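*Asks:* So I've got this file, coords-v7.cif, and it contains mmCIF, C-alpha atoms:
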data_entry
#
loop_
_atom_site.group_PDB
_atom_site.id
_atom_site.type_symbol
_atom_site.label_atom_id
_atom_site.label_comp_id
_atom_site.auth_asym_id
_atom_site.auth_seq_id
_atom_site.Cartn_x
_atom_site.Cartn_y
_atom_site.Cartn_z
ATOM 1 C CA MET A 14 149.207 -91.740 38.661
ATOM 2 C CA ASN A 15 149.492 -93.105 35.137
ATOM 3 C CA THR A 16 150.952 -96.573 35.744
ATOM 4 C CA SER A 17 151.607 -97.122 32.037
ATOM 5 C CA THR A 18 154.452 -94.588 32.208
ATOM 6 C CA ILE A 19 156.317 -96.445 34.968
ATOM 7 C CA THR A 20 159.139 -98.698 33.839
ATOM 8 C CA TYR A 21 159.610 -101.984 35.695
ATOM 9 C CA ILE A 22 163.017 -103.667 35.789
ATOM 10 C CA PHE A 23 163.248 -107.272 37.011
ATOM 11 C CA VAL A 24 166.693 -108.678 37.833
ATOM 12 C CA ASP A 25 168.140 -112.179 38.059
ATOM 13 C CA GLU A 26 171.698 -113.478 38.459
ATOM 14 C CA ALA A 27 173.350 -116.667 37.208
ATOM 15 C CA GLY A 28 176.598 -118.445 37.953
ATOM 16 C CA ASP A 29 178.324 -119.045 41.262
ATOM 17 C CA MET A 30 181.013 -117.276 43.256
ATOM 18 C CA ASP A 31 183.450 -120.175 43.216
ATOM 19 C CA PHE A 32 186.499 -118.617 41.562
ATOM 20 C CA SER A 33 188.236 -121.861 40.710
ATOM 21 C CA ALA A 34 188.150 -124.490 37.978
ATOM 22 C CA ASN A 35 185.312 -126.154 39.908
ATOM 23 C CA GLY A 36 182.993 -123.159 39.605
ATOM 24 C CA SER A 37 180.961 -121.812 36.727
ATOM 25 C CA LYS A 38 182.889 -120.131 33.913
ATOM 26 C CA HIS A 39 180.631 -117.066 33.925
ATOM 27 C CA TYR A 40 178.776 -114.800 36.304
ATOM 28 C CA MET A 41 176.007 -112.607 34.998
ATOM 29 C CA PHE A 42 172.962 -110.459 35.609
ATOM 30 C CA SER A 43 170.015 -110.186 33.263
ATOM 31 C CA PHE A 44 167.343 -107.499 33.346
ATOM 32 C CA LEU A 45 163.781 -107.696 32.067
ATOM 33 C CA VAL A 46 162.333 -104.274 31.188
ATOM 34 C CA LYS A 47 158.557 -103.914 30.834
ATOM 35 C CA LYS A 48 155.647 -101.567 31.407
ATOM 36 C CA ARG A 49 152.110 -102.249 32.532
ATOM 37 C CA PRO A 50 149.810 -103.827 31.599
ATOM 38 C CA PHE A 51 151.907 -106.988 31.883
ATOM 39 C CA ALA A 52 151.159 -109.414 29.077
ATOM 40 C CA LEU A 53 150.970 -113.216 29.388
ATOM 41 C CA HIS A 54 150.706 -113.265 33.182
ATOM 42 C CA GLU A 55 147.294 -114.899 33.056
ATOM 43 C CA LYS A 56 148.533 -117.540 30.607
ATOM 44 C CA ILE A 57 151.489 -118.398 32.840
ATOM 45 C CA ALA A 58 149.229 -118.619 35.911
ATOM 46 C CA SER A 59 146.718 -120.718 33.969
ATOM 47 C CA TYR A 60 149.476 -123.088 32.857
ATOM 48 C CA ARG A 61 150.637 -123.565 36.462
ATOM 49 C CA TYR A 62 147.102 -124.423 37.567
ATOM 50 C CA SER A 63 146.714 -126.862 34.687
ATOM 51 C CA LEU A 64 149.816 -128.672 35.954
ATOM 52 C CA LEU A 65 148.316 -128.895 39.440
ATOM 53 C CA GLU A 66 145.050 -130.214 38.017
ATOM 54 C CA ARG A 67 146.910 -133.045 36.267
ATOM 55 C CA ASN A 68 147.428 -134.548 39.713
ATOM 56 C CA LEU A 69 143.696 -135.351 39.857
ATOM 57 C CA ASP A 70 144.019 -137.672 36.872
ATOM 58 C CA PRO A 71 144.099 -141.251 38.273
ATOM 59 C CA LEU A 72 146.254 -142.317 35.323
ATOM 60 C CA ASN A 73 148.918 -139.745 36.141
ATOM 61 C CA GLU A 74 151.538 -141.534 38.216
ATOM 62 C CA LYS A 75 153.866 -138.600 38.965
ATOM 63 C CA ARG A 76 152.561 -135.838 41.211
ATOM 64 C CA LEU A 77 153.672 -132.269 40.437
ATOM 65 C CA ASP A 78 153.728 -129.580 43.129
ATOM 66 C CA ILE A 79 154.474 -126.400 41.168
ATOM 67 C CA GLU A 80 154.500 -123.300 43.386
ATOM 68 C CA TYR A 81 156.346 -121.260 40.785
ATOM 69 C CA PHE A 82 158.459 -121.825 37.676
ATOM 70 C CA HIS A 83 162.240 -122.140 37.914
ATOM 71 C CA ALA A 84 164.274 -122.969 34.817
ATOM 72 C CA CYS A 85 166.961 -124.986 36.625
ATOM 73 C CA GLU A 86 164.403 -127.188 38.375
ATOM 74 C CA ASP A 87 161.549 -127.545 35.888
ATOM 75 C CA ASN A 88 161.470 -130.620 33.675
ATOM 76 C CA LYS A 89 161.968 -130.544 29.918
ATOM 77 C CA PHE A 90 158.244 -130.591 29.165
ATOM 78 C CA ILE A 91 157.588 -127.560 31.404
ATOM 79 C CA LYS A 92 160.657 -125.714 30.075
ATOM 80 C CA ASN A 93 159.499 -126.077 26.487
ATOM 81 C CA LYS A 94 156.011 -124.829 27.329
ATOM 82 C CA MET A 95 157.342 -121.866 29.318
ATOM 83 C CA PHE A 96 159.658 -120.808 26.498
ATOM 84 C CA GLU A 97 156.749 -121.167 24.085
ATOM 85 C CA LEU A 98 154.756 -118.721 26.222
ATOM 86 C CA ILE A 99 157.658 -116.306 26.764
ATOM 87 C CA SER A 100 158.479 -116.236 23.057
ATOM 88 C CA ASN A 101 155.070 -114.690 22.357
ATOM 89 C CA PHE A 102 155.707 -111.282 23.904
ATOM 90 C CA ASP A 103 155.422 -108.160 21.792
ATOM 91 C CA SER A 104 159.108 -107.526 21.093
ATOM 92 C CA LYS A 105 158.487 -103.765 21.023
ATOM 93 C CA LYS A 106 157.341 -103.834 24.649
ATOM 94 C CA VAL A 107 159.953 -106.123 26.189
ATOM 95 C CA LYS A 108 163.692 -105.553 26.469
ATOM 96 C CA ILE A 109 166.434 -107.758 27.878
ATOM 97 C CA TYR A 110 169.903 -106.661 28.916
ATOM 98 C CA SER A 111 172.591 -109.104 30.081
ATOM 99 C CA TYR A 112 175.800 -108.166 31.885
ATOM 100 C CA ILE A 113 178.347 -110.986 31.652
ATOM 101 C CA LEU A 114 181.713 -111.664 33.278
ATOM 102 C CA GLU A 115 184.180 -114.401 32.365
ATOM 103 C CA LYS A 116 185.167 -115.348 35.882
ATOM 104 C CA PRO A 117 188.781 -116.482 35.247
ATOM 105 C CA LYS A 118 189.503 -112.987 33.863
ATOM 106 C CA VAL A 119 188.170 -111.127 36.907
ATOM 107 C CA LEU A 120 191.001 -109.393 38.765
ATOM 108 C CA PRO A 121 191.790 -111.166 42.074
ATOM 109 C CA GLU A 122 191.351 -107.967 44.084
ATOM 110 C CA LYS A 123 187.892 -107.540 42.574
ATOM 111 C CA ARG A 124 186.661 -110.874 43.911
ATOM 112 C CA GLU A 125 188.229 -111.094 47.356
ATOM 113 C CA LYS A 126 184.973 -110.231 49.122
ATOM 114 C CA LYS A 127 182.003 -111.916 47.530
ATOM 115 C CA SER A 128 179.483 -109.404 48.858
ATOM 116 C CA GLU A 129 181.457 -106.506 47.350
ATOM 117 C CA PHE A 130 181.872 -108.397 44.079
ATOM 118 C CA TYR A 131 178.105 -108.881 43.860
ATOM 119 C CA THR A 132 177.282 -105.348 44.936
ATOM 120 C CA SER A 133 179.735 -103.494 42.707
ATOM 121 C CA ASN A 134 178.814 -105.477 39.607
ATOM 122 C CA LEU A 135 175.060 -105.203 40.138
ATOM 123 C CA THR A 136 175.456 -101.465 40.683
ATOM 124 C CA PHE A 137 177.499 -101.056 37.507
ATOM 125 C CA ALA A 138 175.192 -103.329 35.511
ATOM 126 C CA THR A 139 172.165 -101.313 36.622
ATOM 127 C CA SER A 140 173.884 -98.083 35.589
ATOM 128 C CA ARG A 141 174.772 -99.563 32.204
ATOM 129 C CA LEU A 142 171.156 -100.540 31.635
ATOM 130 C CA LEU A 143 169.802 -97.110 32.585
ATOM 131 C CA ASP A 144 172.229 -95.501 30.142
ATOM 132 C CA LYS A 145 171.184 -97.841 27.357
ATOM 133 C CA LEU A 146 167.492 -97.259 28.023
ATOM 134 C CA LYS A 147 168.048 -93.513 28.364
ATOM 135 C CA ILE A 148 165.356 -93.781 30.984
ATOM 136 C CA ASP A 149 163.667 -90.491 31.864
ATOM 137 C CA ASN A 150 160.554 -91.674 33.698
ATOM 138 C CA ASN A 151 159.787 -93.178 37.103
ATOM 139 C CA PHE A 152 160.908 -96.776 37.531
ATOM 140 C CA ILE A 153 160.819 -99.715 39.932
ATOM 141 C CA ILE A 154 163.520 -102.365 40.263
ATOM 142 C CA ILE A 155 162.576 -105.797 41.621
ATOM 143 C CA THR A 156 165.209 -108.442 42.333
ATOM 144 C CA ASP A 157 164.931 -112.018 43.476
ATOM 145 C CA ARG A 158 166.143 -113.084 46.924
ATOM 146 C CA LEU A 159 169.697 -111.897 47.416
ATOM 147 C CA PRO A 160 172.673 -114.278 47.693
ATOM 148 C CA ILE A 161 174.404 -111.963 50.187
ATOM 149 C CA PRO A 162 173.458 -111.321 53.827
ATOM 150 C CA ASN A 163 173.490 -107.518 54.065
ATOM 151 C CA ASN A 164 170.600 -106.158 52.026
ATOM 152 C CA LYS A 165 171.029 -102.644 53.421
ATOM 153 C CA ASN A 166 174.527 -102.236 51.971
ATOM 154 C CA LEU A 167 173.389 -103.611 48.630
ATOM 155 C CA ILE A 168 170.446 -101.231 48.390
ATOM 156 C CA SER A 169 172.710 -98.298 49.271
ATOM 157 C CA ALA A 170 175.194 -99.290 46.563
ATOM 158 C CA ILE A 171 172.508 -99.645 43.887
ATOM 159 C CA LYS A 172 170.936 -96.345 44.895
ATOM 160 C CA LYS A 173 174.313 -94.642 44.614
ATOM 161 C CA GLY A 174 174.637 -95.676 40.981
ATOM 162 C CA ILE A 175 171.066 -94.635 40.230
ATOM 163 C CA LYS A 176 171.479 -91.239 41.889
ATOM 164 C CA GLU A 177 174.605 -90.600 39.836
ATOM 165 C CA TYR A 178 172.675 -91.442 36.656
ATOM 166 C CA ILE A 179 169.813 -89.117 37.625
ATOM 167 C CA LYS A 180 172.218 -86.311 38.540
ATOM 168 C CA ASN A 181 174.353 -86.681 35.411
ATOM 169 C CA ASN A 182 171.262 -86.520 33.218
ATOM 170 C CA ASN A 183 169.591 -83.708 35.185
ATOM 171 C CA LEU A 184 166.409 -85.729 35.689
ATOM 172 C CA ASN A 185 163.500 -85.248 38.076
ATOM 173 C CA ILE A 186 162.257 -88.813 38.422
ATOM 174 C CA ARG A 187 161.481 -91.212 41.242
ATOM 175 C CA TYR A 188 162.394 -94.867 41.731
ATOM 176 C CA ASP A 189 162.246 -97.670 44.273
ATOM 177 C CA ILE A 190 163.941 -101.039 44.784
ATOM 178 C CA PHE A 191 162.307 -104.201 46.127
ATOM 179 C CA HIS A 192 163.593 -107.711 46.868
ATOM 180 C CA HIS A 193 160.816 -110.277 46.414
ATOM 181 C CA SER A 194 160.472 -114.020 46.272
ATOM 182 C CA SER A 195 160.223 -115.424 42.734
ATOM 183 C CA ALA A 196 157.012 -117.149 43.745
ATOM 184 C CA SER A 197 155.399 -113.717 44.151
ATOM 185 C CA SER A 198 156.103 -112.503 40.631
ATOM 186 C CA ALA A 199 155.580 -113.990 37.174
ATOM 187 C CA ASN A 200 158.082 -111.445 35.882
ATOM 188 C CA LEU A 201 160.817 -112.742 38.198
ATOM 189 C CA GLN A 202 160.065 -116.227 36.895
ATOM 190 C CA ILE A 203 160.257 -114.947 33.319
ATOM 191 C CA ILE A 204 163.642 -113.269 33.834
ATOM 192 C CA ASP A 205 164.857 -116.444 35.559
ATOM 193 C CA TYR A 206 164.036 -118.364 32.371
ATOM 194 C CA VAL A 207 165.571 -115.714 30.120
ATOM 195 C CA ASN A 208 168.723 -115.489 32.230
ATOM 196 C CA TRP A 209 169.021 -119.279 32.215
ATOM 197 C CA ALA A 210 168.844 -119.285 28.414
ATOM 198 C CA VAL A 211 171.502 -116.570 28.044
ATOM 199 C CA PHE A 212 173.730 -118.227 30.642
ATOM 200 C CA ARG A 213 173.423 -121.562 28.857
ATOM 201 C CA LYS A 214 174.525 -119.894 25.609
ATOM 202 C CA TYR A 215 177.818 -118.828 27.174
ATOM 203 C CA GLU A 216 178.363 -121.608 29.690
ATOM 204 C CA LYS A 217 177.301 -124.612 27.562
ATOM 205 C CA MET A 218 177.525 -123.153 24.032
ATOM 206 C CA ASP A 219 173.868 -124.124 23.647
ATOM 207 C CA GLU A 220 171.718 -121.518 21.878
ATOM 208 C CA SER A 221 168.594 -123.639 21.436
ATOM 209 C CA PHE A 222 166.665 -121.855 24.201
ATOM 210 C CA TYR A 223 168.405 -118.523 23.635
ATOM 211 C CA ALA A 224 167.031 -118.492 20.090
ATOM 212 C CA LYS A 225 163.506 -118.298 21.526
ATOM 213 C CA ILE A 226 164.194 -115.034 23.386
ATOM 214 C CA LYS A 227 166.916 -113.491 21.216
ATOM 215 C CA ARG A 228 164.584 -110.944 19.607
ATOM 216 C CA TYR A 229 164.071 -109.240 22.985
ATOM 217 C CA ILE A 230 167.778 -108.620 23.563
ATOM 218 C CA LEU A 231 168.637 -104.947 23.895
ATOM 219 C CA ASP A 232 172.272 -105.842 24.506
ATOM 220 C CA GLU A 233 174.409 -108.544 26.041
ATOM 221 C CA GLU A 234 177.776 -107.290 27.178
ATOM 222 C CA VAL A 235 180.713 -109.496 28.042
ATOM 223 C CA LEU A 236 182.615 -106.968 30.131
ATOM 224 C CA THR A 237 185.788 -109.077 30.206
ATOM 225 C CA LYS A 238 185.977 -109.938 26.492
ATOM 226 C CA ASP A 239 188.952 -107.636 25.784
ATOM 227 C CA ARG A 240 191.052 -109.080 28.621
ATOM 228 C CA ASP A 241 193.595 -111.738 27.730
ATOM 229 C CA GLU A 242 194.964 -112.675 31.139
ATOM 230 C CA LYS A 243 193.332 -115.451 33.151
ATOM 231 C CA PHE A 244 194.022 -115.819 36.856
ATOM 232 C CA TYR A 245 193.153 -119.495 37.279
#
How does this structure look as structure tokens?

*Replies:*
Amino acid sequence: MNTSTITYIFVDEAGDMDFSANGSKHYMFSFLVKKRPFALHEKIASYRYSLLERNLDPLNEKRLDIEYFHACEDNKFIKNKMFELISNFDSKKVKIYSYILEKPKVLPEKREKKSEFYTSNLTFATSRLLDKLKIDNNFIIITDRLPIPNNKNLISAIKKGIKEYIKNNNLNIRYDIFHHSSASSANLQIIDYVNWAVFRKYEKMDESFYAKIKRYILDEEVLTKDRDEKFY
């Protein structure tokens, strides 16, 4: 099998499911699209080990235990270095798609059951991405740990959207879906950072980190932008 022809899609979500003024203003999924060989993995791994080795310095007062990188938890120094590394991808070989909802504009009946809200939107977002990529080769989707309890229903829902795409485009391709821990995959850590940057652009109106990954953006869709009514 020629692994260079297989498309990999890594998925991360941002925002919470608190549909009130106390929750986040947005909910979103971002997708990282790449093919093997994966660039920069060795540099990211090397950077993590260099952080662990700093603990051996007797003059270093603060001990760092970095199992994997996570944008929300990493300090400013680590964030800046990670974005420096991520910003050095070949933009022709990396694509980012973000699917964004303004939560106050989401119809009440669409958010009554959180598991269905997550499932239906991830399914639709995946379908949107496949259409934009016009994908016609085998692919693998890898998501981070799921925020809902029933993985089986989620997988079935995602597969339904994918099968419809394959059928509508008369394709003979194969795919699979995996749910892995971020610690197992540099790519899941990368999409976590990218998603954090895009989320911060919309949630905090801060584009300083977004600017470092903007050139990879295939599209960022605010699905609710044409709705005027807010429900809270």

*Asks:* Env of Arg213 in chain A: 10 Å cut, atoms = only C-alpha atoms, seq-sep filter 6 positions within chain, self excluded. Answer as a list of chain:residue names.

*Replies:*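 Once the adjacent positions are removed, what remains is A:Ala27, A:His39, A:Val207, A:Asp219, A:Glu220, A:Ser221, A:Phe222, A:Tyr223.
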
*Asks:* Residues picked by the PyMOL selection byres ((chain A and resi 193-196) around 10) here, as a PDB file with C-alpha atoms, keeping the file's coordinate frame?

*Replies:*
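Wrote part.pdb, looks like this:
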ATOM      1  CA  ASP A  25     168.140-112.179  38.059  1.00  0.00           C
ATOM      2  CA  ILE A  79     154.474-126.400  41.168  1.00  0.00           C
ATOM      3  CA  GLU A  80     154.500-123.300  43.386  1.00  0.00           C
ATOM      4  CA  TYR A  81     156.346-121.260  40.785  1.00  0.00           C
ATOM      5  CA  PHE A  82     158.459-121.825  37.676  1.00  0.00           C
ATOM      6  CA  HIS A  83     162.240-122.140  37.914  1.00  0.00           C
ATOM      7  CA  ILE A 155     162.576-105.797  41.621  1.00  0.00           C
ATOM      8  CA  THR A 156     165.209-108.442  42.333  1.00  0.00           C
ATOM      9  CA  ASP A 157     164.931-112.018  43.476  1.00  0.00           C
ATOM     10  CA  ARG A 158     166.143-113.084  46.924  1.00  0.00           C
ATOM     11  CA  LEU A 159     169.697-111.897  47.416  1.00  0.00           C
ATOM     12  CA  ILE A 190     163.941-101.039  44.784  1.00  0.00           C
ATOM     13  CA  PHE A 191     162.307-104.201  46.127  1.00  0.00           C
ATOM     14  CA  HIS A 192     163.593-107.711  46.868  1.00  0.00           C
ATOM     15  CA  SER A 197     155.399-113.717  44.151  1.00  0.00           C
ATOM     16  CA  SER A 198     156.103-112.503  40.631  1.00  0.00           C
ATOM     17  CA  ALA A 199     155.580-113.990  37.174  1.00  0.00           C
ATOM     18  CA  ASN A 200     158.082-111.445  35.882  1.00  0.00           C
ATOM     19  CA  LEU A 201     160.817-112.742  38.198  1.00  0.00           C
ATOM     20  CA  GLN A 202     160.065-116.227  36.895  1.00  0.00           C
ATOM     21  CA  ILE A 203     160.257-114.947  33.319  1.00  0.00           C
ATOM     22  CA  ILE A 204     163.642-113.269  33.834  1.00  0.00           C
ATOM     23  CA  ASP A 205     164.857-116.444  35.559  1.00  0.00           C
TER      24      ASP A 205
END

*Asks:* Axis-aligned box over every listed atom of range 144-147 of chain A, padded by 6 Å per side: centre and edges in Å to one decimal, as AutoDock Vina command-line options?

*Replies:*
--center_x 169.9 --center_y -95.7 --center_z 28.7 --size_x 16.7 --size_y 16.3 --size_z 14.8

*Asks:* Kindly resolve the PyMOL selection byres ((chain A and resi 233) around 8) on the present coordinates and return the residues as an mmCIF file with C-alpha atoms, in the coordinates of the input.

*Replies:*
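Done, and the output landed in result.cif:
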data_model
loop_
_atom_site.group_PDB
_atom_site.id
_atom_site.type_symbol
_atom_site.label_atom_id
_atom_site.label_comp_id
_atom_site.auth_asym_id
_atom_site.auth_seq_id
_atom_site.Cartn_x
_atom_site.Cartn_y
_atom_site.Cartn_z
ATOM 1 C CA TYR A 110 169.903 -106.661 28.916
ATOM 2 C CA SER A 111 172.591 -109.104 30.081
ATOM 3 C CA TYR A 112 175.800 -108.166 31.885
ATOM 4 C CA ILE A 113 178.347 -110.986 31.652
ATOM 5 C CA ILE A 230 167.778 -108.620 23.563
ATOM 6 C CA LEU A 231 168.637 -104.947 23.895
ATOM 7 C CA ASP A 232 172.272 -105.842 24.506
ATOM 8 C CA GLU A 234 177.776 -107.290 27.178
ATOM 9 C CA VAL A 235 180.713 -109.496 28.042
#

*Asks:* Which residue is closest to Ser33 in chain A? Choose from A:Val119, A:Ala138, A:Ile148, A:Leu45 and count all atoms listed in the file.

*Replies:*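 Residue with the minimum atom-to-atom distance to Ser33 in chain A: A:Val119.
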
*Asks:* Give me the residues near Ser37 in chain A as a short mmCIF file (atom, residue, chain, number, x, y, z; two decimals) with C-alpha atoms, in the coordinates of the input, where near means some atom within 12 Å (using only C-alpha atoms) and where sequence neighbours in that chain fewer than 5 positions away do not count.

*Replies:*
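What follows is the written file around-v4.cif:
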data_model
loop_
_atom_site.label_atom_id
_atom_site.label_comp_id
_atom_site.auth_asym_id
_atom_site.auth_seq_id
_atom_site.Cartn_x
_atom_site.Cartn_y
_atom_site.Cartn_z
CA ALA A 27 173.35 -116.67 37.21
CA GLY A 28 176.60 -118.44 37.95
CA ASP A 29 178.32 -119.04 41.26
CA MET A 30 181.01 -117.28 43.26
CA ASP A 31 183.45 -120.18 43.22
CA PHE A 32 186.50 -118.62 41.56
CA LEU A 114 181.71 -111.66 33.28
CA GLU A 115 184.18 -114.40 32.36
CA LYS A 116 185.17 -115.35 35.88
CA PRO A 117 188.78 -116.48 35.25
CA PHE A 212 173.73 -118.23 30.64
CA ARG A 213 173.42 -121.56 28.86
CA TYR A 215 177.82 -118.83 27.17
CA GLU A 216 178.36 -121.61 29.69
CA LYS A 217 177.30 -124.61 27.56
#

*Asks:* Report as a PyMOL selection string the residues that result from applying the PyMOL selection byres ((chain A and resi 175) around 9) to the structure here.

*Replies:* chain A and resi 136+139-140+143+170-174+176-180+188

*Asks:* Dump C-alpha atoms for the selected residues as a compact mmCIF listing (two decimals), in the frame of the given file?

*Replies:*
# COMPACT_ATOMS: atom_id res chain seq x y z
CA THR A 136 175.46 -101.46 40.68
CA THR A 139 172.16 -101.31 36.62
CA SER A 140 173.88 -98.08 35.59
CA LEU A 143 169.80 -97.11 32.58
CA ALA A 170 175.19 -99.29 46.56
CA ILE A 171 172.51 -99.64 43.89
CA LYS A 172 170.94 -96.34 44.90
CA LYS A 173 174.31 -94.64 44.61
CA GLY A 174 174.64 -95.68 40.98
CA LYS A 176 171.48 -91.24 41.89
CA GLU A 177 174.60 -90.60 39.84
CA TYR A 178 172.68 -91.44 36.66
CA ILE A 179 169.81 -89.12 37.62
CA LYS A 180 172.22 -86.31 38.54
CA TYR A 188 162.39 -94.87 41.73

*Asks:* What is the CA of Lys48 in chain A to CA of Ile91 in chain A distance in Å?

*Replies:*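 Between CA of Lys48 in chain A and CA of Ile91 in chain A the gap works out to 26.1 Å.
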
*Asks:* Nearest residue to Ile99 in chain A out of A:Phe42, A:Leu53, A:Ser133, A:Arg240, using all atoms listed in the file?

*Replies:*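 Closest candidate: A:Leu53.
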
*Asks:* Between A:Thr237, A:Asn208, A:Asn185, A:Ser100, which has the minimum distance to Phe23 in chain A (counting only C-alpha atoms)?

*Replies:*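 Checking each of A:Thr237, A:Asn208, A:Asn185, A:Ser100 against Phe23 in chain A, counting only C-alpha atoms, the winner is A:Asn208.
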
*Asks:* How many Å lie between CA of Leu98 in chain A and CA of Lys75 in chain A, rounded to one decimal?

*Replies:* 23.6 Å

*Asks:* Could you work out how far CA of Lys105 in chain A lies from CA of Tyr229 in chain A, giving the answer in Å with one decimal?

*Replies:* 8.1 Å
